[in-house]
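> Supplied structure: work18.cif, mmCIF, C-alpha atoms.
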```cif
data_run
#
loop_
_atom_site.group_PDB
_atom_site.id
_atom_site.type_symbol
_atom_site.label_atom_id
_atom_site.label_comp_id
_atom_site.auth_asym_id
_atom_site.auth_seq_id
_atom_site.Cartn_x
_atom_site.Cartn_y
_atom_site.Cartn_z
ATOM 1 C CA MET A 1 -11.580 -17.135 -0.166
ATOM 2 C CA ILE A 2 -8.767 -16.230 2.236
ATOM 3 C CA ARG A 3 -9.795 -15.217 5.753
ATOM 4 C CA GLY A 4 -7.705 -12.972 7.973
ATOM 5 C CA LYS A 5 -8.370 -11.538 11.416
ATOM 6 C CA LYS A 6 -10.054 -8.394 10.068
ATOM 7 C CA VAL A 7 -10.577 -9.051 6.358
ATOM 8 C CA ILE A 8 -11.635 -11.601 3.808
ATOM 9 C CA LEU A 9 -9.895 -11.800 0.430
ATOM 10 C CA ARG A 10 -12.288 -13.081 -2.212
ATOM 11 C CA GLU A 11 -12.539 -13.396 -5.973
ATOM 12 C CA LYS A 12 -13.467 -10.224 -7.814
ATOM 13 C CA ARG A 13 -17.050 -9.942 -9.106
ATOM 14 C CA LEU A 14 -18.689 -7.748 -11.717
ATOM 15 C CA GLU A 15 -20.609 -6.043 -8.889
ATOM 16 C CA ASP A 16 -17.227 -4.668 -7.685
ATOM 17 C CA ALA A 17 -16.752 -2.683 -10.892
ATOM 18 C CA TYR A 18 -18.490 0.516 -9.798
ATOM 19 C CA GLN A 19 -16.589 0.808 -6.494
ATOM 20 C CA ASP A 20 -13.300 0.013 -8.258
ATOM 21 C CA TYR A 21 -14.122 2.686 -10.844
ATOM 22 C CA VAL A 22 -14.698 5.260 -8.095
ATOM 23 C CA TRP A 23 -11.349 4.378 -6.529
ATOM 24 C CA ARG A 24 -9.499 4.366 -9.879
ATOM 25 C CA THR A 25 -10.782 7.861 -10.697
ATOM 26 C CA ASP A 26 -9.797 9.298 -7.287
ATOM 27 C CA GLU A 27 -6.844 11.745 -7.420
ATOM 28 C CA GLU A 28 -5.331 10.857 -4.028
ATOM 29 C CA LEU A 29 -5.678 7.096 -4.439
ATOM 30 C CA SER A 30 -4.113 7.316 -7.898
ATOM 31 C CA ARG A 31 -1.167 9.272 -6.515
ATOM 32 C CA LEU A 32 -0.662 6.655 -3.777
ATOM 33 C CA ASP A 33 -0.777 3.959 -6.485
ATOM 34 C CA ALA A 34 1.811 5.839 -8.610
ATOM 35 C CA THR A 35 -0.613 6.240 -11.488
ATOM 36 C CA VAL A 36 -2.930 8.819 -13.001
ATOM 37 C CA PRO A 37 -6.680 8.871 -12.358
ATOM 38 C CA LEU A 38 -8.750 6.929 -14.841
ATOM 39 C CA ARG A 39 -10.493 9.219 -17.344
ATOM 40 C CA THR A 40 -12.682 6.754 -19.224
ATOM 41 C CA ARG A 41 -16.471 6.438 -18.930
ATOM 42 C CA PHE A 42 -17.830 3.854 -16.521
ATOM 43 C CA SER A 43 -19.485 1.880 -19.331
ATOM 44 C CA SER A 44 -16.099 1.356 -21.029
ATOM 45 C CA PHE A 45 -14.433 0.497 -17.721
ATOM 46 C CA LYS A 46 -17.162 -2.034 -16.906
ATOM 47 C CA ALA A 47 -16.813 -3.745 -20.292
ATOM 48 C CA TYR A 48 -13.033 -4.048 -19.795
ATOM 49 C CA TYR A 49 -13.624 -5.254 -16.226
ATOM 50 C CA ALA A 50 -16.010 -7.981 -17.423
ATOM 51 C CA ASP A 51 -13.464 -9.177 -20.007
ATOM 52 C CA GLU A 52 -10.721 -9.283 -17.394
ATOM 53 C CA LEU A 53 -12.930 -11.405 -15.105
ATOM 54 C CA GLU A 54 -13.798 -13.810 -17.907
ATOM 55 C CA PHE A 55 -10.262 -14.049 -19.302
ATOM 56 C CA PRO A 56 -7.816 -13.466 -16.412
ATOM 57 C CA LEU A 57 -4.141 -13.095 -17.189
ATOM 58 C CA PRO A 58 -1.940 -16.036 -16.192
ATOM 59 C CA LEU A 59 0.472 -15.872 -13.232
ATOM 60 C CA ARG A 60 -1.572 -13.252 -11.412
ATOM 61 C CA CYS A 61 -4.696 -13.049 -9.308
ATOM 62 C CA LYS A 62 -6.786 -10.118 -8.097
ATOM 63 C CA PHE A 63 -8.775 -10.215 -4.870
ATOM 64 C CA ALA A 64 -11.392 -7.938 -3.381
ATOM 65 C CA VAL A 65 -10.674 -7.021 0.235
ATOM 66 C CA ASP A 66 -13.839 -7.132 2.357
ATOM 67 C CA ASP A 67 -14.193 -6.431 6.048
ATOM 68 C CA LEU A 68 -15.694 -9.287 8.081
ATOM 69 C CA SER A 69 -19.215 -7.933 7.505
ATOM 70 C CA GLY A 70 -18.716 -8.253 3.725
ATOM 71 C CA LYS A 71 -18.150 -4.578 2.891
ATOM 72 C CA HIS A 72 -15.768 -4.121 -0.059
ATOM 73 C CA ILE A 73 -12.990 -1.833 1.237
ATOM 74 C CA GLY A 74 -10.138 -2.379 -1.221
ATOM 75 C CA ASN A 75 -8.216 -4.718 -3.485
ATOM 76 C CA CYS A 76 -5.011 -6.703 -3.438
ATOM 77 C CA MET A 77 -3.267 -8.904 -5.934
ATOM 78 C CA TYR A 78 -0.259 -10.961 -6.780
ATOM 79 C CA TYR A 79 1.385 -10.913 -10.189
ATOM 80 C CA GLY A 80 4.515 -11.913 -12.054
ATOM 81 C CA MET A 81 4.515 -15.296 -10.336
ATOM 82 C CA ASP A 82 7.715 -17.191 -11.137
ATOM 83 C CA ARG A 83 7.177 -20.783 -10.031
ATOM 84 C CA GLU A 84 10.735 -21.787 -10.930
ATOM 85 C CA LYS A 85 12.271 -19.132 -8.654
ATOM 86 C CA GLY A 86 9.394 -19.305 -6.171
ATOM 87 C CA GLU A 87 8.903 -15.527 -6.292
ATOM 88 C CA VAL A 88 5.899 -13.274 -6.720
ATOM 89 C CA GLU A 89 5.097 -9.561 -6.430
ATOM 90 C CA VAL A 90 2.127 -8.249 -4.453
ATOM 91 C CA GLY A 91 0.179 -5.012 -4.314
ATOM 92 C CA ILE A 92 -2.642 -3.573 -2.221
ATOM 93 C CA MET A 93 -4.951 -0.574 -2.254
ATOM 94 C CA LEU A 94 -7.475 0.219 0.463
ATOM 95 C CA GLY A 95 -9.906 2.546 -1.245
ATOM 96 C CA ASP A 96 -12.208 3.143 1.706
ATOM 97 C CA ARG A 97 -10.451 5.803 3.803
ATOM 98 C CA ALA A 98 -12.520 4.908 6.884
ATOM 99 C CA TYR A 99 -10.375 1.747 7.146
ATOM 100 C CA TRP A 100 -6.974 3.442 6.909
ATOM 101 C CA GLY A 101 -4.608 3.242 9.878
ATOM 102 C CA GLN A 102 -6.542 0.483 11.655
ATOM 103 C CA GLY A 103 -4.625 -2.623 10.572
ATOM 104 C CA TYR A 104 -6.947 -3.726 7.752
ATOM 105 C CA GLY A 105 -4.281 -3.292 5.077
ATOM 106 C CA ALA A 106 -1.660 -5.143 7.125
ATOM 107 C CA ASP A 107 -4.116 -7.982 7.768
ATOM 108 C CA ALA A 108 -4.896 -8.226 4.048
ATOM 109 C CA VAL A 109 -1.177 -8.359 3.179
ATOM 110 C CA GLN A 110 -0.444 -10.897 5.924
ATOM 111 C CA SER A 111 -3.340 -13.081 4.749
ATOM 112 C CA LEU A 112 -2.123 -12.919 1.153
ATOM 113 C CA ILE A 113 1.454 -13.767 2.217
ATOM 114 C CA ARG A 114 0.208 -16.761 4.208
ATOM 115 C CA TYR A 115 -1.664 -17.991 1.130
ATOM 116 C CA LEU A 116 1.320 -17.496 -1.176
ATOM 117 C CA PHE A 117 3.721 -19.365 1.114
ATOM 118 C CA ASN A 118 1.400 -22.147 2.298
ATOM 119 C CA VAL A 119 -0.764 -22.794 -0.763
ATOM 120 C CA GLU A 120 1.235 -21.559 -3.764
ATOM 121 C CA GLY A 121 4.603 -22.697 -2.346
ATOM 122 C CA MET A 122 6.421 -19.397 -2.924
ATOM 123 C CA ARG A 123 9.824 -18.810 -1.315
ATOM 124 C CA ARG A 124 9.916 -15.006 -1.624
ATOM 125 C CA VAL A 125 7.247 -12.314 -1.800
ATOM 126 C CA TYR A 126 8.216 -8.791 -2.810
ATOM 127 C CA LEU A 127 6.656 -5.415 -3.549
ATOM 128 C CA HIS A 128 7.460 -1.868 -4.603
ATOM 129 C CA THR A 129 6.070 1.096 -2.689
ATOM 130 C CA LEU A 130 6.608 4.807 -3.139
ATOM 131 C CA GLU A 131 9.523 6.101 -1.080
ATOM 132 C CA TRP A 132 7.486 9.004 0.321
ATOM 133 C CA ASN A 133 4.532 6.829 1.403
ATOM 134 C CA LYS A 134 5.594 6.426 5.041
ATOM 135 C CA ARG A 135 2.277 4.885 6.114
ATOM 136 C CA ALA A 136 2.651 2.082 3.561
ATOM 137 C CA LEU A 137 6.298 1.540 4.481
ATOM 138 C CA ARG A 138 5.378 1.142 8.175
ATOM 139 C CA SER A 139 2.537 -1.234 7.332
ATOM 140 C CA PHE A 140 4.764 -3.458 5.167
ATOM 141 C CA GLU A 141 7.464 -3.489 7.863
ATOM 142 C CA LYS A 142 4.777 -4.563 10.355
ATOM 143 C CA CYS A 143 4.073 -7.488 8.016
ATOM 144 C CA GLY A 144 7.746 -8.527 8.128
ATOM 145 C CA PHE A 145 8.954 -6.991 4.850
ATOM 146 C CA THR A 146 12.503 -5.617 4.720
ATOM 147 C CA ALA A 147 13.636 -2.748 2.489
ATOM 148 C CA ARG A 148 16.222 -4.023 -0.027
ATOM 149 C CA ASP A 149 16.773 -1.325 -2.641
ATOM 150 C CA ARG A 150 15.574 1.906 -4.231
ATOM 151 C CA VAL A 151 14.181 1.694 -7.756
ATOM 152 C CA ARG A 152 13.511 4.623 -10.136
ATOM 153 C CA ARG A 153 10.539 4.209 -12.482
ATOM 154 C CA ASP A 154 8.621 6.821 -14.431
ATOM 155 C CA GLY A 155 10.340 9.644 -12.541
ATOM 156 C CA GLN A 156 9.443 8.273 -9.108
ATOM 157 C CA THR A 157 11.466 6.443 -6.463
ATOM 158 C CA PHE A 158 10.139 3.189 -5.074
ATOM 159 C CA VAL A 159 11.391 1.073 -2.199
ATOM 160 C CA LEU A 160 11.795 -2.599 -3.102
ATOM 161 C CA MET A 161 10.819 -4.691 -0.077
ATOM 162 C CA ASP A 162 10.640 -8.434 0.387
ATOM 163 C CA ILE A 163 10.047 -11.230 2.845
ATOM 164 C CA SER A 164 11.400 -14.758 2.539
ATOM 165 C CA ARG A 165 9.485 -17.845 3.534
ATOM 166 C CA GLU A 166 12.155 -18.575 6.148
ATOM 167 C CA ARG A 167 11.749 -15.147 7.785
ATOM 168 C CA TRP A 168 7.968 -15.381 7.628
ATOM 169 C CA GLU A 169 8.040 -18.787 9.310
ATOM 170 C CA LYS A 170 10.248 -17.427 12.127
ATOM 171 C CA LEU A 171 7.877 -14.508 12.642
ATOM 172 C CA THR A 172 4.766 -16.688 12.704
ATOM 173 C CA ASP A 173 6.042 -19.732 14.629
ATOM 174 C CA PRO A 174 5.514 -19.098 18.357
ATOM 175 C CA LEU A 175 8.390 -21.464 19.219
ATOM 176 C CA GLN A 176 10.804 -19.495 17.038
ATOM 177 C CA ASN A 177 9.457 -16.025 17.930
ATOM 178 C CA SER A 178 11.364 -16.011 21.225
ATOM 179 C CA SER A 179 14.649 -16.555 19.372
ATOM 180 C CA VAL A 180 13.811 -13.752 16.904
ATOM 181 C CA GLN A 181 13.024 -11.465 19.848
ATOM 182 C CA SER A 182 16.288 -12.259 21.613
ATOM 183 C CA GLU A 183 18.298 -11.765 18.393
ATOM 184 C CA THR A 184 16.806 -8.349 17.626
ATOM 185 C CA GLY A 185 16.196 -7.106 21.162
ATOM 186 C CA SER A 186 12.595 -6.296 20.329
ATOM 187 C CA SER A 187 9.372 -8.103 19.605
ATOM 188 C CA PRO A 188 8.896 -9.409 16.075
ATOM 189 C CA PRO A 189 6.325 -7.824 13.759
ATOM 190 C CA ALA A 190 2.804 -9.158 13.937
ATOM 191 C CA GLY A 191 2.466 -12.394 11.988
ATOM 192 C CA PRO A 192 -0.216 -13.355 9.521
ATOM 193 C CA GLY A 193 -2.459 -14.961 12.128
ATOM 194 C CA PRO A 194 -4.035 -18.366 12.097
#
```
Can you present the structure in this file as structure tokens?


Amino acid sequence: MIRGKKVILREKRLEDAYQDYVWRTDEELSRLDATVPLRTRFSSFKAYYADELEFPLPLRCKFAVDDLSGKHIGNCMYYGMDREKGEVEVGIMLGDRAYWGQGYGADAVQSLIRYLFNVEGMRRVYLHTLEWNKRALRSFEKCGFTARDRVRRDGQTFVLMDISRERWEKLTDPLQNSSVQSETGSSPPAGPGP
């Protein structure tokens, strides 16, 4: 379990399957996730879900995102972990629209970054987000990510963003934050919290 200021990241459970199915079949959420809505029956989805929980793929981990009261509001994950390079890709989806635009997604990402740098020993965390998804771009920038490149995949343009451990440490270390502020002329993005 990974605790943030507003969210808790926890292991996925079979009880999450129905809510995940609802989100995966939603047109708008699918578009934001650069995919098509799931068209399979729930029974088939649940069977696949159970297998994935029992036999997780290596070098990746999925988390449920809960608010502090324990309500399941979304999911996040890391995947493609390269221990030799110290790099890993992350992704997030807040399915519960009532939590959009209130900092829950940023807190989930910041909590996951903190875990990846402090526990897994990663040196770089990166992600791809749709170029037109301005809300996601702002949220990732708030977390300290920097846009690096544009990537075309499946007819869509994504922004490749990353954050290095060194940058993250500067943004989260109160002693170094003043030097970051004086270098940029503005306050640094919110850090991952305690």

> Taking the file as shown, find all residues satisfying the PyMOL selection byres ((chain A and resi 109) around 9) and write them as a PyMOL selection string.

chain A and resi 76+90-92+104-108+110-114+140+143+192

> Which residues are near segment 12-25 of chain A? Cut-off 8 Å, all atoms listed in the file, ignore same chain within fewer than 3 positions. Put them as number ranges by chain.

A: 29-30, 37-39, 42, 45-46, 49-50, 53, 62-64, 72, 95

> What's around Asp82 of chain A at 12 Å? Count only C-alpha atoms, leave out sequence neighbours fewer than 4 positions away in its own chain, and write the answer as a count of residues only.

16

> Rank nothing, just name the residue among A:Ala47, A:Val65, A:Leu32, A:Ala147 nearest to Gly4 of chain A, using all atoms listed in the file.

A:Val65

> Counting only C-alpha atoms, which of A:Thr172, A:Ser43, A:Ser164, A:Gln156 gets nearest to Asn133 of chain A?

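Among the listed residues, A:Gln156 lies closest to Asn133 of chain A.
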
> Find, counting all atoms listed in the file, the residue in A:Tyr115, A:Tyr48, A:Trp168, A:Tyr99 that gets nearest to Met77 of chain A.

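Result for the nearest residue to Met77 of chain A: A:Tyr115.
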
> Determine, counting all atoms listed in the file, which protein, DNA and RNA residues have an atom within 12 Å of an atom of Gly155 of chain A; residues of the same chain fewer than 4 positions away are not included. Present the result as a PyMOL selection string.

chain A and resi 34-35+130+151

> Would you mind reading off the distance between atom CA of Phe117 of chain A and atom CA of Arg165 of chain A, one decimal, in Å?

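Straight-line distance from atom CA of Phe117 of chain A to atom CA of Arg165 of chain A works out to 6.4 Å.
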
> Between A:Glu169, A:Glu141, A:Asp149, A:Asp67, which has the minimum distance to His128 of chain A (counting only C-alpha atoms)?

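With only C-alpha atoms as the atom set, the closest residue is A:Asp149.
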
> What separation in Å, quoted to one decimal, exists between atom CA of Ile73 of chain A and atom CA of Arg3 of chain A?

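Distance between the two atoms: 14.5 Å.
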
> Please, what distance in Å, to one decimal, runs between atom CA of Phe158 of chain A and atom CA of Glu131 of chain A?

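Distance between the two atoms: 5.0 Å.
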